[in-house]
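Pasted below: upload26.cif, mmCIF, C-alpha atoms.
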```
data_upload
loop_
_atom_site.label_atom_id
_atom_site.label_comp_id
_atom_site.auth_asym_id
_atom_site.auth_seq_id
_atom_site.Cartn_x
_atom_site.Cartn_y
_atom_site.Cartn_z
CA MET E 1 18.74 0.59 -56.43
CA PHE E 2 19.66 -1.26 -59.61
CA THR E 3 17.22 -2.14 -62.39
CA ALA E 4 17.78 -4.52 -65.31
CA LYS E 5 15.50 -5.48 -68.18
CA SER E 6 15.52 -8.33 -70.69
CA SER E 7 17.51 -7.44 -73.77
CA PHE E 8 15.57 -7.19 -77.04
CA TRP E 9 18.25 -9.02 -79.01
CA ALA E 10 18.75 -11.69 -76.35
CA LEU E 11 15.01 -12.42 -76.44
CA ILE E 12 15.12 -12.84 -80.22
CA PHE E 13 18.30 -14.92 -80.42
CA ASN E 14 17.32 -17.21 -77.50
CA GLY E 15 13.92 -18.07 -79.01
CA LYS E 16 11.75 -16.08 -76.61
CA ILE E 17 10.25 -13.88 -79.32
CA PHE E 18 6.81 -13.98 -77.70
CA ASN E 19 8.20 -12.14 -74.65
CA ILE E 20 9.25 -9.01 -76.55
CA LEU E 21 6.07 -7.24 -75.40
CA ASN E 22 6.41 -8.49 -71.83
CA PRO E 23 10.12 -8.66 -70.89
CA TRP E 24 11.38 -9.48 -67.41
CA ILE E 25 12.42 -6.56 -65.21
CA ILE E 26 14.47 -7.15 -62.07
CA GLU E 27 15.03 -4.51 -59.40
CA VAL E 28 17.63 -4.96 -56.67
CA ASN E 29 17.21 -2.59 -53.74
CA ASP E 30 20.26 -2.93 -51.49
CA VAL E 31 18.94 -0.35 -49.01
CA GLU E 32 15.77 -2.29 -48.21
CA GLY E 33 17.37 -5.66 -48.97
CA THR E 34 14.79 -6.83 -51.53
CA ILE E 35 14.68 -8.20 -55.06
CA THR E 36 11.63 -7.62 -57.25
CA VAL E 37 11.01 -9.47 -60.52
CA LYS E 38 8.25 -8.06 -62.69
CA GLN E 39 6.72 -9.16 -65.96
CA ARG E 40 3.65 -7.86 -67.74
CA ASN E 41 1.03 -10.58 -68.05
CA TRP E 42 -0.03 -12.03 -71.41
CA TYR E 43 -3.15 -9.85 -71.61
CA LEU E 44 -0.94 -6.73 -71.33
CA ILE E 45 -3.26 -5.32 -68.67
CA GLY E 46 -1.45 -5.95 -65.39
CA VAL E 47 2.01 -6.74 -64.07
CA ASP E 48 2.97 -9.93 -62.23
CA SER E 49 5.51 -9.27 -59.46
CA GLN E 50 7.55 -11.46 -57.14
CA TYR E 51 9.40 -10.08 -54.10
CA ILE E 52 12.19 -11.75 -52.15
CA ALA E 53 14.13 -10.39 -49.18
CA PHE E 54 17.89 -10.92 -49.24
CA ARG E 55 17.75 -12.87 -45.99
CA PHE E 56 15.71 -15.64 -47.67
CA ILE E 57 18.10 -16.16 -50.61
CA ARG E 58 19.96 -19.45 -50.58
CA ASN E 59 21.41 -19.76 -54.09
CA ILE E 60 22.03 -17.56 -57.14
CA THR E 61 22.62 -19.14 -60.55
CA ILE E 62 23.59 -17.24 -63.69
CA ASP E 63 23.25 -19.18 -66.94
CA GLU E 64 25.09 -17.27 -69.66
CA HIS E 65 24.24 -17.81 -73.32
CA LEU E 66 25.86 -16.51 -76.47
CA PHE E 67 23.43 -13.59 -76.24
CA GLY E 68 22.27 -12.67 -72.74
CA ALA E 69 22.04 -14.51 -69.45
CA ASP E 70 19.33 -16.09 -67.32
CA LEU E 71 19.24 -15.40 -63.58
CA PHE E 72 17.80 -17.95 -61.15
CA ILE E 73 17.43 -17.12 -57.47
CA LYS E 74 16.52 -19.89 -55.07
CA ALA E 75 15.03 -18.78 -51.79
CA ILE E 76 13.27 -20.27 -48.82
CA GLY E 77 9.68 -20.78 -49.90
CA GLY E 78 10.15 -20.38 -53.65
CA ASN E 79 12.20 -19.50 -56.67
CA VAL E 80 12.49 -16.41 -58.85
CA SER E 81 13.87 -16.25 -62.37
CA ALA E 82 14.51 -13.57 -64.97
CA TYR E 83 15.44 -14.51 -68.53
CA CYS E 84 17.50 -12.93 -71.30
CA LEU E 85 19.14 -10.21 -69.22
CA ARG E 86 22.31 -8.58 -70.42
CA LYS E 87 25.38 -10.43 -69.14
CA LYS E 88 26.74 -7.22 -67.65
CA ASP E 89 23.52 -6.67 -65.69
CA ALA E 90 23.51 -10.26 -64.36
CA ARG E 91 27.09 -9.88 -63.15
CA LYS E 92 26.24 -6.52 -61.54
CA ILE E 93 23.34 -8.11 -59.62
CA ARG E 94 25.65 -10.87 -58.39
CA GLU E 95 28.19 -8.22 -57.35
CA ILE E 96 25.56 -6.20 -55.43
CA LEU E 97 24.42 -9.31 -53.56
CA ASN E 98 28.00 -10.34 -52.75
CA ASP E 99 28.82 -6.84 -51.47
CA TYR E 100 25.71 -6.90 -49.28
CA ASN E 101 26.78 -10.29 -47.96
CA LYS E 102 30.31 -9.02 -47.17
CA LYS E 103 28.92 -6.09 -45.18
CA ARG E 104 27.11 -8.51 -42.89
CA GLY E 105 30.42 -9.74 -41.45
CA LYS E 106 30.26 -13.04 -39.62
CA THR E 107 26.51 -13.48 -40.05
CA LEU E 108 26.30 -14.38 -43.73
CA ILE E 109 22.88 -14.17 -45.32
CA PHE E 110 23.55 -16.64 -48.12
CA ALA E 111 26.48 -18.74 -49.23
#
```
What is this file in structure tokens?
Amino acid sequence: MFTAKSSFWALIFNGKIFNILNPWIIEVNDVEGTITVKQRNWYLIGVDSQYIAFRFIRNITIDEHLFGADLFIKAIGGNVSAYCLRKKDARKIREILNDYNKKRGKTLIFA
């Protein structure tokens, strides 16, 4: 299981200062084959979560900035995004998903 969180400095330098109290957290569980994106809501009471199984992923986009990177995951039935992650964490998530895809052999989950 791999967990990444929005970087404090990336949030400041990319103009998302209002999200310092509620950064994006992304968890990639390669054993269960799921991705979870969490963010505390604006009232700071609860947490909004989105879950996607690897088998529904169709596209992964990493948009790198001078400070940090944004991760967009397109899936059947919806999209998930996490902003201002560290570049190293975004690359690690892409690597985990590619390794999972390689283990599947001829039946690729996503391209």
Checklist entry - Could you state the separation of atom CA of Ala53 of chain E and atom CA of Phe67 of chain E in Å, given to one decimal place? => result 28.8 Å
Item to check | Given all atoms listed in the file as the counted atoms, nearest of E:Leu44, E:Leu66, E:Leu21, E:Val28 to Lys87 of chain E | outcome: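 Smallest separation from Lys87 of chain E among the options: E:Leu66.
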Item to check | E:Ser6, E:Asn19, E:Ser49, E:Thr61 ranked by distance to Ile35 of chain E, top pick (using all atoms listed in the file) | outcome: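 Distance minimum relative to Ile35 of chain E lands on E:Ser49.
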Item to check | Output check: residues returned by the PyMOL selection byres ((chain E and resi 56) around 6), as a PyMOL selection string | outcome: chain E and resi 53-55+57+75-76
Next on the checklist: At a cut-off of 12 Å, using all atoms listed in the file, what residues contact Gly15 of chain E? Leave out same-chain residues fewer than 3 positions from it and give the result as a list of chain:residue names.
Outcome noted: E:Phe8, E:Trp9, E:Ala10, E:Leu11, E:Ile12, E:Phe18, E:Asn19, E:Ile20, E:His65, E:Phe67, E:Gly68, E:Tyr83, E:Cys84
Checklist entry - Can you list, as number ranges by chain, every protein, DNA or RNA residue that comes within 12 Å of Arg91 of chain E when you count all atoms listed in the file, leaving out same-chain residues fewer than 6 positions away? => result E: 2, 4, 60-64, 68-71, 85, 97-98
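Atom pair atom CA of Asp89 of chain E / atom CA of Thr3 of chain E: separated by 8.4 Å.
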Next on the checklist: Show me, as an MDAnalysis selection string, the residues that have an atom within 10 Å of Asn79 of chain E when counting only C-alpha atoms, minus same-chain residues fewer than 3 positions from it.
Outcome noted: chainID E and resid 50 52 57:59 72:76
Item to check | Given all atoms listed in the file as the counted atoms, nearest of E:Val47, E:Gly78, E:Val37, E:Met1 to Asn22 of chain E | outcome: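 Checking each of E:Val47, E:Gly78, E:Val37, E:Met1 against Asn22 of chain E, counting all atoms listed in the file, the winner is E:Val47.
For the atom pair formed by atom CA of Tyr51 of chain E and atom CA of Ile96 of chain E, the distance is 16.7 Å, given to one decimal.
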Checklist entry - E:Lys16, E:Asp30, E:Trp24, E:Ser7: which is nearest Asp99 of chain E, counting all atoms listed in the file? => result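 The answer is E:Asp30, which sits nearest to Asp99 of chain E.
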